[in-house]
There are 2 protein chains.
Amino acid sequence: MTRVNKQIILAERPKGLPDSETFKFVDSNVKEPEENQVLVRTLYVSVDPYMRGRMIDAKSYIEPFQLNGVIEGGSIGEVIESKSDKFQQGDIIIGNFGWQEYYCANEKEIRKIDPSLAPITTHLGILGMTGLTAYFGLLDIGQPKEGDTVVISGAAGAVGSVVGQIARIKGARVVGIAGSEDKIEFLKQELNFDEAINYRTTNNIKIELANACPNGVDVYFDNVGGEISDAVFTQLNRHARITVCGSISSYNLKEIDIGPRVQTTLIKKSALMKGFTVGDYSTRFTEGATQLGKWLQEGKLTYRETIEEGFENIPNAFLDLFKGNNIGKQLVKVANRQ
Amino acid sequence: MTRVNKQIILAERPKGLPDSETFKFVDSNVKEPEENQVLVRTLYVSVDPYMRGRMIDAKSYIEPFQLNGVIEGGSIGEVIESKSDKFQQGDIIIGNFGWQEYYCANEKEIRKIDPSLAPITTHLGILGMTGLTAYFGLLDIGQPKEGDTVVISGAAGAVGSVVGQIARIKGARVVGIAGSEDKIEFLKQELNFDEAINYRTTNNIKIELANACPNGVDVYFDNVGGEISDAVFTQLNRHARITVCGSISSYNLKEIDIGPRVQTTLIKKSALMKGFTVGDYSTRFTEGATQLGKWLQEGKLTYRETIEEGFENIPNAFLDLFKGNNIGKQLVKVANRQ
């Protein structure tokens with residue numbers, strides 16, 4: 001009757017890029033659910049760049065991961081045993097139980113999803129935190145107007161690819177920056193971006209940006225920070241809005257991230273720069289999810305997933321994010337539905 | 001009948017701190033006013049840090065000064081001859097005619113001020129662009145709430161000293177950063193700031209800030225940029241607002257201004273950073289000036305001026321801004337009213 005629960009724990013806080021010392025695979029016993037709990041078997045886990053921030057012991061908008069604790073993160077699972085009135089065996093649920101094969105969840109920490117409406121993985125992607133991040137970051141901070149030019153860094157990633165599509169729905173000219181020819185093709189052919197720039201092959205990103213944005217940049221949705229953002233800053237229009245969503249170029253740096261200070265540009269352009277996390281908009285999640293679902297049904301939004309298979313490949317899938325290997329949402333499939 | 005008009009022209013675009021090569025004194029003939037013009041004799045000129053930006057030939061929110069052209073800037077003068085129905089001899093007017101003793105102004109480019117309401121110099125300071133800059137930058141971008149902690153760099157300067165007083169009117173805890181003991185005393189004794197930090201004498205500005213802001217920083221009104229701002233960034237609260245008004249530490253740099261990139265801090269704190277120039281609020285100037293006038297009359301606002309005497313001292317008064325010699329608004333008195 002004792003079942004083994006494979007888990008991945010944070011064995012060491014990384015300095016620089018996480019490596020084989022960072023994570024450790026451990027086996028524990030699968031617990032029995034108590035009253036108002038369910039036993040969940042993990043089907044998919046989400047790996048996301050922001051998780052890198054939780055691996056260090058620093059004050060932020062979210063608690064750091066516990067050393068030797070299981071890595072938490074968005075996950076989808078199937079209820080295989082229920083001691084809750086609210087769930088029954090076979091229910092598909094979403095929660096934050098992370099990198100482990102089984103989990104005893106209190107009924108309040110999970111939410112049922114309806115597999116008949118959309119593929120269940122979309123709840124970790126375009127209909128989940130990823131889509132909501134794109135939705136609120138672009139519309140609430142970036143506020144694109146018809147005819148505006150919107151530039152997106154990390155444009156082929158999970159968030160960026162949704163941002164660009166929403167910007168097009170709003171009538172903006174959309175320019176994406178990404179790091180491979182596959183991504184460029186994805187952005188231009190599949191998502192109909194107006195222009196896409198491969199920052200790894202360009203000789204001069206400033207000139208390419210200037211060519212791609214003949215009317216300057218009104219909105220910059222930034223997922224990467226660093227030198228790419230420095231370049232976009234040179235092309236801003238007056239009253240530009242910069243959504244600071246991520247800074248993946250800096251997450252694995254061992255030294256302080258140094259670059260041109262932005263103050264004089266912000267003054268000259270009367271520009272706005274605003275960081276956020278999707279949790280800032282928790283009271284409006286229903287609004288966002290409803291709109292995203294509607295656009296998806298209407299065929300105005302599409303999405304791509306990069307799905308790695310196998311529990312043992314979770315750390316590699318996570319590290320792939322920093323190599324820029326994924327197009328769209330990066331997931332790991334851990335088990336099949338029964 | 002020919003009167004000499006002393007003028008100061010931009011002889012050379014400065015690299016680094018302006019010096020004796022930058023400005024040149026020239027004599028021209030005072031012109032006769034034409035129809036709908038008045039001849040103005042300059043009484044006071046305003047010298048402001050933003051003028052440094054106009055001395056270089058770079059695209060910004062305002063045109064660069066013409067090489068060999070008279071330096072423009074806020075000025076107050078007296079009408080000594082009028083060919084306009086709207087003005088008569090003896091009227092005190094404000095305009096942008098800058099660093100010259102006489103000027104033939106079209107009636108549309110000047111505005112009459114009433115010397116009976118407040119000292120005429122206040123129209124270049126607390127009731128003019130300076131006060132409006134403080135008013136809109138703090139209230140529209142910073143949005144201090146009662147009990148918030150507001151930190152101001154360049155706190156004893158023309159804008160900063162008004163910002164702090166408005167923040168106190170709004171019920172905030174106000175902490176100023178300035179560069180001399182005279183300024184610190186001015187901020188604490190005269191303006192009733194809660195705390196003031198002398199950045200030139202402190203051993204560790206971060207620790208001093210942390211002590212002065214036990215509840216963190218909700219609003220940062222930034223006039224200086226550079227390392228002082230880097231330090232304030234370490235103390236920001238979630239949802240902090242940063243008004244980027246000036247960056248005087250960088251205006252005379254010969255190299256690109258380099259420092260820690262702000263993106264990850266903005267994300268972690270869901271913080272907002274917004275540059276502006278007072279012209280962004282031109283449609284609301286009446287609102288701002290009315291409120292500032294009311295507070296001044298009620299004794300809720302006070303102000304300090306540093307007044308240099310003599311036309312020949314204008315360039316030095318301008319350079320004093322970068323040495324931090326002025327408390328409050330820096331003006332130059334050019335002539336007495338008749």
# chains A, B, ... in the order shown; residues from 1 in each chain; ligands from 1

$ interface_residues --of "chain A" --to "chain B" --cutoff "6 Å" --atoms "only C-alpha atoms" --output "PyMOL selection string"
chain A and resi 60-61+257-261+266-268+270-276

$ select_by_dssp --residues "region 90-245 of chain B" --states "strand (DSSP E)" --output "PyMOL selection string"
chain B and resi 92-95+102-106+111-112+149-153+173-178+195-198+217-222+236-244

$ select_by_dssp --residues "region 127-219 of chain B" --states "helix (DSSP H, G or I)" --output "VMD selection string"
chain B and resid 129 to 142 158 to 169 181 to 190 205 to 212

$ atom_distance --atom1 "CA of Arg304 (chain A)" --atom2 "CA of Phe186 (chain A)"
9.2 Å

$ residues_around --residues "Lys31 (chain A)" --least-positions-apart "5" --cutoff "8 Å" --atoms "only C-alpha atoms" --output "PyMOL selection string"
chain A and resi 39+103-104

$ write_last_selection --atoms "all heavy atoms" --output "mmCIF file, in the first residue's frame"
data_model
loop_
_atom_site.group_PDB
_atom_site.id
_atom_site.type_symbol
_atom_site.label_atom_id
_atom_site.label_comp_id
_atom_site.auth_asym_id
_atom_site.auth_seq_id
_atom_site.Cartn_x
_atom_site.Cartn_y
_atom_site.Cartn_z
ATOM 1 N N LEU A 39 -5.932 13.500 -2.226
ATOM 2 C CA LEU A 39 -4.624 13.065 -2.716
ATOM 3 C C LEU A 39 -4.597 13.308 -4.226
ATOM 4 O O LEU A 39 -5.489 12.849 -4.956
ATOM 5 C CB LEU A 39 -4.390 11.583 -2.408
ATOM 6 C CG LEU A 39 -3.056 11.014 -2.933
ATOM 7 C CD1 LEU A 39 -1.852 11.719 -2.323
ATOM 8 C CD2 LEU A 39 -2.977 9.508 -2.669
ATOM 9 N N TYR A 103 0.617 14.673 -3.947
ATOM 10 C CA TYR A 103 0.476 15.735 -2.955
ATOM 11 C C TYR A 103 -0.869 15.608 -2.269
ATOM 12 O O TYR A 103 -1.888 15.389 -2.930
ATOM 13 C CB TYR A 103 0.586 17.107 -3.634
ATOM 14 C CG TYR A 103 0.511 18.272 -2.676
ATOM 15 C CD1 TYR A 103 1.493 18.461 -1.693
ATOM 16 C CD2 TYR A 103 -0.543 19.183 -2.735
ATOM 17 C CE1 TYR A 103 1.422 19.525 -0.809
ATOM 18 C CE2 TYR A 103 -0.614 20.259 -1.857
ATOM 19 C CZ TYR A 103 0.368 20.422 -0.895
ATOM 20 O OH TYR A 103 0.308 21.475 -0.017
ATOM 21 N N CYS A 104 -0.859 15.736 -0.933
ATOM 22 C CA CYS A 104 -2.113 15.803 -0.186
ATOM 23 C C CYS A 104 -2.498 17.269 -0.038
ATOM 24 O O CYS A 104 -1.855 18.010 0.718
ATOM 25 C CB CYS A 104 -1.950 15.182 1.205
ATOM 26 S SG CYS A 104 -2.244 13.431 1.206
#

$ residues_around --residues "Leu187 (chain B)" --least-positions-apart "6" --cutoff "8 Å" --atoms "only C-alpha atoms" --output "list in words"
Ala155, Ala156, Ser161, Gly176, Phe193 and Ala196 of chain B

$ atom_distance --atom1 "CA of Phe136 (chain A)" --atom2 "CA of Arg111 (chain A)"
21.5 Å

$ residues_around --residues "Glu109 (chain A)" --least-positions-apart "4" --cutoff "12 Å" --atoms "only C-alpha atoms" --output "list in words"
Asn36, Gln37, Val38, Val40, Gly74, Ser75, Lys86, Ile93, Ile94, Gly95, Asn96, Phe97, Tyr103, Cys104 and Ala105 of chain A

$ write_last_selection --atoms "all heavy atoms" --output "mmCIF file, in the first residue's frame"
data_model
loop_
_atom_site.group_PDB
_atom_site.id
_atom_site.type_symbol
_atom_site.label_atom_id
_atom_site.label_comp_id
_atom_site.auth_asym_id
_atom_site.auth_seq_id
_atom_site.Cartn_x
_atom_site.Cartn_y
_atom_site.Cartn_z
ATOM 1 N N ASN A 36 -11.115 16.790 4.641
ATOM 2 C CA ASN A 36 -11.064 17.988 3.787
ATOM 3 C C ASN A 36 -9.802 18.061 2.917
ATOM 4 O O ASN A 36 -9.443 19.123 2.428
ATOM 5 C CB ASN A 36 -11.196 19.287 4.601
ATOM 6 C CG ASN A 36 -12.504 19.325 5.370
ATOM 7 O OD1 ASN A 36 -13.558 18.921 4.837
ATOM 8 N ND2 ASN A 36 -12.451 19.774 6.602
ATOM 9 N N GLN A 37 -9.171 16.928 2.761
ATOM 10 C CA GLN A 37 -8.006 16.873 1.868
ATOM 11 C C GLN A 37 -8.281 15.912 0.714
ATOM 12 O O GLN A 37 -9.171 15.062 0.792
ATOM 13 C CB GLN A 37 -6.770 16.375 2.621
ATOM 14 C CG GLN A 37 -6.143 17.400 3.564
ATOM 15 C CD GLN A 37 -4.781 16.952 4.056
ATOM 16 O OE1 GLN A 37 -4.476 15.759 4.075
ATOM 17 N NE2 GLN A 37 -3.950 17.912 4.422
ATOM 18 N N VAL A 38 -7.479 16.081 -0.330
ATOM 19 C CA VAL A 38 -7.512 15.104 -1.427
ATOM 20 C C VAL A 38 -6.079 14.682 -1.725
ATOM 21 O O VAL A 38 -5.138 15.453 -1.509
ATOM 22 C CB VAL A 38 -8.144 15.690 -2.721
ATOM 23 C CG1 VAL A 38 -9.593 16.095 -2.500
ATOM 24 C CG2 VAL A 38 -7.330 16.853 -3.262
ATOM 25 N N VAL A 40 -3.580 14.039 -4.660
ATOM 26 C CA VAL A 40 -3.457 14.448 -6.057
ATOM 27 C C VAL A 40 -2.251 13.770 -6.674
ATOM 28 O O VAL A 40 -1.198 13.702 -6.044
ATOM 29 C CB VAL A 40 -3.280 15.986 -6.144
ATOM 30 C CG1 VAL A 40 -2.972 16.427 -7.558
ATOM 31 C CG2 VAL A 40 -4.512 16.698 -5.611
ATOM 32 N N GLY A 74 3.292 26.266 -10.096
ATOM 33 C CA GLY A 74 2.007 25.925 -10.684
ATOM 34 C C GLY A 74 2.002 24.499 -11.219
ATOM 35 O O GLY A 74 2.941 24.077 -11.896
ATOM 36 N N SER A 75 0.963 23.743 -10.920
ATOM 37 C CA SER A 75 0.894 22.338 -11.317
ATOM 38 C C SER A 75 -0.565 21.947 -11.544
ATOM 39 O O SER A 75 -1.474 22.506 -10.928
ATOM 40 C CB SER A 75 1.455 21.421 -10.222
ATOM 41 O OG SER A 75 2.478 22.037 -9.499
ATOM 42 N N LYS A 86 -15.912 18.614 -1.776
ATOM 43 C CA LYS A 86 -15.842 19.495 -2.950
ATOM 44 C C LYS A 86 -15.160 18.834 -4.139
ATOM 45 O O LYS A 86 -15.220 19.361 -5.255
ATOM 46 C CB LYS A 86 -15.096 20.781 -2.579
ATOM 47 C CG LYS A 86 -15.772 21.574 -1.458
ATOM 48 C CD LYS A 86 -15.237 22.985 -1.384
ATOM 49 C CE LYS A 86 -16.061 23.834 -0.424
ATOM 50 N NZ LYS A 86 -15.838 23.454 0.998
ATOM 51 N N ILE A 93 -7.420 19.187 -11.234
ATOM 52 C CA ILE A 93 -7.302 20.381 -10.378
ATOM 53 C C ILE A 93 -5.981 21.100 -10.676
ATOM 54 O O ILE A 93 -5.042 20.529 -11.246
ATOM 55 C CB ILE A 93 -7.376 20.016 -8.883
ATOM 56 C CG1 ILE A 93 -6.275 18.997 -8.506
ATOM 57 C CG2 ILE A 93 -8.742 19.434 -8.530
ATOM 58 C CD1 ILE A 93 -4.997 19.594 -8.091
ATOM 59 N N ILE A 94 -5.972 22.373 -10.292
ATOM 60 C CA ILE A 94 -4.752 23.182 -10.429
ATOM 61 C C ILE A 94 -4.355 23.693 -9.055
ATOM 62 O O ILE A 94 -5.226 23.985 -8.224
ATOM 63 C CB ILE A 94 -4.953 24.332 -11.444
ATOM 64 C CG1 ILE A 94 -3.649 25.094 -11.695
ATOM 65 C CG2 ILE A 94 -6.054 25.302 -10.997
ATOM 66 C CD1 ILE A 94 -3.713 25.981 -12.931
ATOM 67 N N GLY A 95 -3.080 23.725 -8.802
ATOM 68 C CA GLY A 95 -2.594 24.194 -7.510
ATOM 69 C C GLY A 95 -1.153 24.614 -7.629
ATOM 70 O O GLY A 95 -0.632 24.827 -8.743
ATOM 71 N N ASN A 96 -0.512 24.726 -6.513
ATOM 72 C CA ASN A 96 0.863 25.237 -6.496
ATOM 73 C C ASN A 96 1.807 24.233 -5.843
ATOM 74 O O ASN A 96 2.789 24.583 -5.227
ATOM 75 C CB ASN A 96 0.890 26.582 -5.749
ATOM 76 C CG ASN A 96 2.037 27.449 -6.193
ATOM 77 O OD1 ASN A 96 2.294 27.552 -7.404
ATOM 78 N ND2 ASN A 96 2.738 28.041 -5.255
ATOM 79 N N PHE A 97 1.471 22.935 -5.994
ATOM 80 C CA PHE A 97 2.188 21.904 -5.226
ATOM 81 C C PHE A 97 3.542 21.540 -5.808
ATOM 82 O O PHE A 97 4.360 20.925 -5.139
ATOM 83 C CB PHE A 97 1.315 20.661 -5.025
ATOM 84 C CG PHE A 97 0.480 20.269 -6.219
ATOM 85 C CD1 PHE A 97 0.990 19.404 -7.174
ATOM 86 C CD2 PHE A 97 -0.793 20.777 -6.382
ATOM 87 C CE1 PHE A 97 0.223 19.042 -8.266
ATOM 88 C CE2 PHE A 97 -1.570 20.417 -7.483
ATOM 89 C CZ PHE A 97 -1.068 19.543 -8.435
ATOM 90 N N TYR A 103 0.617 14.673 -3.947
ATOM 91 C CA TYR A 103 0.476 15.735 -2.955
ATOM 92 C C TYR A 103 -0.869 15.608 -2.269
ATOM 93 O O TYR A 103 -1.888 15.389 -2.930
ATOM 94 C CB TYR A 103 0.586 17.107 -3.634
ATOM 95 C CG TYR A 103 0.511 18.272 -2.676
ATOM 96 C CD1 TYR A 103 1.493 18.461 -1.693
ATOM 97 C CD2 TYR A 103 -0.543 19.183 -2.735
ATOM 98 C CE1 TYR A 103 1.422 19.525 -0.809
ATOM 99 C CE2 TYR A 103 -0.614 20.259 -1.857
ATOM 100 C CZ TYR A 103 0.368 20.422 -0.895
ATOM 101 O OH TYR A 103 0.308 21.475 -0.017
ATOM 102 N N CYS A 104 -0.859 15.736 -0.933
ATOM 103 C CA CYS A 104 -2.113 15.803 -0.186
ATOM 104 C C CYS A 104 -2.498 17.269 -0.038
ATOM 105 O O CYS A 104 -1.855 18.010 0.718
ATOM 106 C CB CYS A 104 -1.950 15.182 1.205
ATOM 107 S SG CYS A 104 -2.244 13.431 1.206
ATOM 108 N N ALA A 105 -3.528 17.664 -0.756
ATOM 109 C CA ALA A 105 -3.893 19.083 -0.801
ATOM 110 C C ALA A 105 -5.111 19.344 0.061
ATOM 111 O O ALA A 105 -6.078 18.563 0.024
ATOM 112 C CB ALA A 105 -4.197 19.501 -2.238
#

$ residues_around --residues "Arg41 (chain B)" --least-positions-apart "4" --cutoff "7 Å" --atoms "only C-alpha atoms" --output "list in words"
Gly77, Glu78, Val79, Ile80, Glu101, Tyr102 and Tyr103 of chain B

$ residues_around --residues "Asp48 (chain B)" --least-positions-apart "4" --cutoff "12 Å" --atoms "only C-alpha atoms" --output "ChimeraX atom specification"
/B:52-54,71-75,98,124-125,129-130,157-159,246,248,251,314-315,317-322,324,326,328-332

$ atom_distance --atom1 "CA of Thr234 (chain B)" --atom2 "CA of Asn215 (chain B)"
12.8 Å

$ decode --residues "region 128-161 of chain B" --atoms "N, CA and C atoms" --output "PDB file, in the first residue's frame"
ATOM      1  N   GLY B 128       5.587  79.705  -9.659  1.00  0.00           N
ATOM      2  CA  GLY B 128       5.856  79.556 -11.091  1.00  0.00           C
ATOM      3  C   GLY B 128       6.160  78.111 -11.452  1.00  0.00           C
ATOM      4  N   MET B 129       7.012  77.948 -12.466  1.00  0.00           N
ATOM      5  CA  MET B 129       7.326  76.610 -12.968  1.00  0.00           C
ATOM      6  C   MET B 129       7.887  75.705 -11.866  1.00  0.00           C
ATOM      7  N   THR B 130       8.678  76.300 -10.970  1.00  0.00           N
ATOM      8  CA  THR B 130       9.278  75.525  -9.892  1.00  0.00           C
ATOM      9  C   THR B 130       8.210  74.905  -8.993  1.00  0.00           C
ATOM     10  N   GLY B 131       7.301  75.735  -8.547  1.00  0.00           N
ATOM     11  CA  GLY B 131       6.232  75.245  -7.678  1.00  0.00           C
ATOM     12  C   GLY B 131       5.334  74.254  -8.394  1.00  0.00           C
ATOM     13  N   LEU B 132       5.035  74.550  -9.648  1.00  0.00           N
ATOM     14  CA  LEU B 132       4.168  73.648 -10.425  1.00  0.00           C
ATOM     15  C   LEU B 132       4.847  72.298 -10.663  1.00  0.00           C
ATOM     16  N   THR B 133       6.157  72.332 -10.872  1.00  0.00           N
ATOM     17  CA  THR B 133       6.911  71.083 -11.040  1.00  0.00           C
ATOM     18  C   THR B 133       6.785  70.223  -9.780  1.00  0.00           C
ATOM     19  N   ALA B 134       6.952  70.870  -8.636  1.00  0.00           N
ATOM     20  CA  ALA B 134       6.819  70.146  -7.367  1.00  0.00           C
ATOM     21  C   ALA B 134       5.396  69.613  -7.203  1.00  0.00           C
ATOM     22  N   TYR B 135       4.445  70.461  -7.465  1.00  0.00           N
ATOM     23  CA  TYR B 135       3.026  70.132  -7.248  1.00  0.00           C
ATOM     24  C   TYR B 135       2.596  68.925  -8.077  1.00  0.00           C
ATOM     25  N   PHE B 136       2.828  68.978  -9.384  1.00  0.00           N
ATOM     26  CA  PHE B 136       2.336  67.899 -10.244  1.00  0.00           C
ATOM     27  C   PHE B 136       3.197  66.639 -10.120  1.00  0.00           C
ATOM     28  N   GLY B 137       4.506  66.839 -10.000  1.00  0.00           N
ATOM     29  CA  GLY B 137       5.368  65.663  -9.877  1.00  0.00           C
ATOM     30  C   GLY B 137       5.069  64.869  -8.615  1.00  0.00           C
ATOM     31  N   LEU B 138       4.834  65.579  -7.531  1.00  0.00           N
ATOM     32  CA  LEU B 138       4.535  64.858  -6.289  1.00  0.00           C
ATOM     33  C   LEU B 138       3.114  64.309  -6.297  1.00  0.00           C
ATOM     34  N   LEU B 139       2.141  65.156  -6.610  1.00  0.00           N
ATOM     35  CA  LEU B 139       0.751  64.734  -6.410  1.00  0.00           C
ATOM     36  C   LEU B 139       0.246  63.825  -7.521  1.00  0.00           C
ATOM     37  N   ASP B 140       0.677  64.071  -8.754  1.00  0.00           N
ATOM     38  CA  ASP B 140       0.161  63.240  -9.845  1.00  0.00           C
ATOM     39  C   ASP B 140       0.921  61.924  -9.972  1.00  0.00           C
ATOM     40  N   ILE B 141       2.233  61.957  -9.785  1.00  0.00           N
ATOM     41  CA  ILE B 141       3.025  60.728  -9.942  1.00  0.00           C
ATOM     42  C   ILE B 141       3.260  60.068  -8.584  1.00  0.00           C
ATOM     43  N   GLY B 142       3.743  60.835  -7.617  1.00  0.00           N
ATOM     44  CA  GLY B 142       4.079  60.257  -6.320  1.00  0.00           C
ATOM     45  C   GLY B 142       2.860  59.838  -5.505  1.00  0.00           C
ATOM     46  N   GLN B 143       1.793  60.626  -5.607  1.00  0.00           N
ATOM     47  CA  GLN B 143       0.532  60.330  -4.918  1.00  0.00           C
ATOM     48  C   GLN B 143       0.726  59.896  -3.464  1.00  0.00           C
ATOM     49  N   PRO B 144       1.314  60.775  -2.647  1.00  0.00           N
ATOM     50  CA  PRO B 144       1.516  60.410  -1.237  1.00  0.00           C
ATOM     51  C   PRO B 144       0.187  60.328  -0.488  1.00  0.00           C
ATOM     52  N   LYS B 145       0.085  59.287   0.318  1.00  0.00           N
ATOM     53  CA  LYS B 145      -1.084  59.154   1.193  1.00  0.00           C
ATOM     54  C   LYS B 145      -0.658  59.480   2.625  1.00  0.00           C
ATOM     55  N   GLU B 146      -1.626  59.786   3.449  1.00  0.00           N
ATOM     56  CA  GLU B 146      -1.345  60.077   4.847  1.00  0.00           C
ATOM     57  C   GLU B 146      -0.567  58.910   5.464  1.00  0.00           C
ATOM     58  N   GLY B 147       0.517  59.238   6.131  1.00  0.00           N
ATOM     59  CA  GLY B 147       1.324  58.207   6.783  1.00  0.00           C
ATOM     60  C   GLY B 147       2.411  57.613   5.904  1.00  0.00           C
ATOM     61  N   ASP B 148       2.358  57.894   4.602  1.00  0.00           N
ATOM     62  CA  ASP B 148       3.436  57.433   3.714  1.00  0.00           C
ATOM     63  C   ASP B 148       4.750  58.108   4.094  1.00  0.00           C
ATOM     64  N   THR B 149       5.847  57.438   3.747  1.00  0.00           N
ATOM     65  CA  THR B 149       7.154  58.073   3.866  1.00  0.00           C
ATOM     66  C   THR B 149       7.584  58.573   2.486  1.00  0.00           C
ATOM     67  N   VAL B 150       7.884  59.867   2.413  1.00  0.00           N
ATOM     68  CA  VAL B 150       8.317  60.496   1.162  1.00  0.00           C
ATOM     69  C   VAL B 150       9.773  60.907   1.307  1.00  0.00           C
ATOM     70  N   VAL B 151      10.623  60.409   0.422  1.00  0.00           N
ATOM     71  CA  VAL B 151      12.035  60.810   0.423  1.00  0.00           C
ATOM     72  C   VAL B 151      12.272  61.725  -0.777  1.00  0.00           C
ATOM     73  N   ILE B 152      13.033  62.779  -0.546  1.00  0.00           N
ATOM     74  CA  ILE B 152      13.313  63.756  -1.606  1.00  0.00           C
ATOM     75  C   ILE B 152      14.810  63.961  -1.700  1.00  0.00           C
ATOM     76  N   SER B 153      15.365  63.774  -2.886  1.00  0.00           N
ATOM     77  CA  SER B 153      16.771  64.128  -3.101  1.00  0.00           C
ATOM     78  C   SER B 153      16.827  65.540  -3.675  1.00  0.00           C
ATOM     79  N   GLY B 154      17.937  66.208  -3.452  1.00  0.00           N
ATOM     80  CA  GLY B 154      17.988  67.627  -3.820  1.00  0.00           C
ATOM     81  C   GLY B 154      16.928  68.394  -3.045  1.00  0.00           C
ATOM     82  N   ALA B 155      16.760  68.000  -1.779  1.00  0.00           N
ATOM     83  CA  ALA B 155      15.592  68.434  -1.008  1.00  0.00           C
ATOM     84  C   ALA B 155      15.596  69.918  -0.677  1.00  0.00           C
ATOM     85  N   ALA B 156      16.775  70.528  -0.642  1.00  0.00           N
ATOM     86  CA  ALA B 156      16.831  71.942  -0.280  1.00  0.00           C
ATOM     87  C   ALA B 156      16.825  72.846  -1.511  1.00  0.00           C
ATOM     88  N   GLY B 157      16.712  72.238  -2.672  1.00  0.00           N
ATOM     89  CA  GLY B 157      16.684  73.023  -3.902  1.00  0.00           C
ATOM     90  C   GLY B 157      15.326  73.640  -4.142  1.00  0.00           C
ATOM     91  N   ALA B 158      15.209  74.335  -5.266  1.00  0.00           N
ATOM     92  CA  ALA B 158      13.992  75.084  -5.574  1.00  0.00           C
ATOM     93  C   ALA B 158      12.775  74.168  -5.580  1.00  0.00           C
ATOM     94  N   VAL B 159      12.870  73.040  -6.290  1.00  0.00           N
ATOM     95  CA  VAL B 159      11.736  72.128  -6.400  1.00  0.00           C
ATOM     96  C   VAL B 159      11.595  71.291  -5.132  1.00  0.00           C
ATOM     97  N   GLY B 160      12.699  70.692  -4.697  1.00  0.00           N
ATOM     98  CA  GLY B 160      12.653  69.785  -3.557  1.00  0.00           C
ATOM     99  C   GLY B 160      12.060  70.413  -2.309  1.00  0.00           C
ATOM    100  N   SER B 161      12.390  71.662  -2.075  1.00  0.00           N
ATOM    101  CA  SER B 161      11.906  72.297  -0.839  1.00  0.00           C
ATOM    102  C   SER B 161      10.391  72.498  -0.882  1.00  0.00           C
TER     103      SER B 161
END
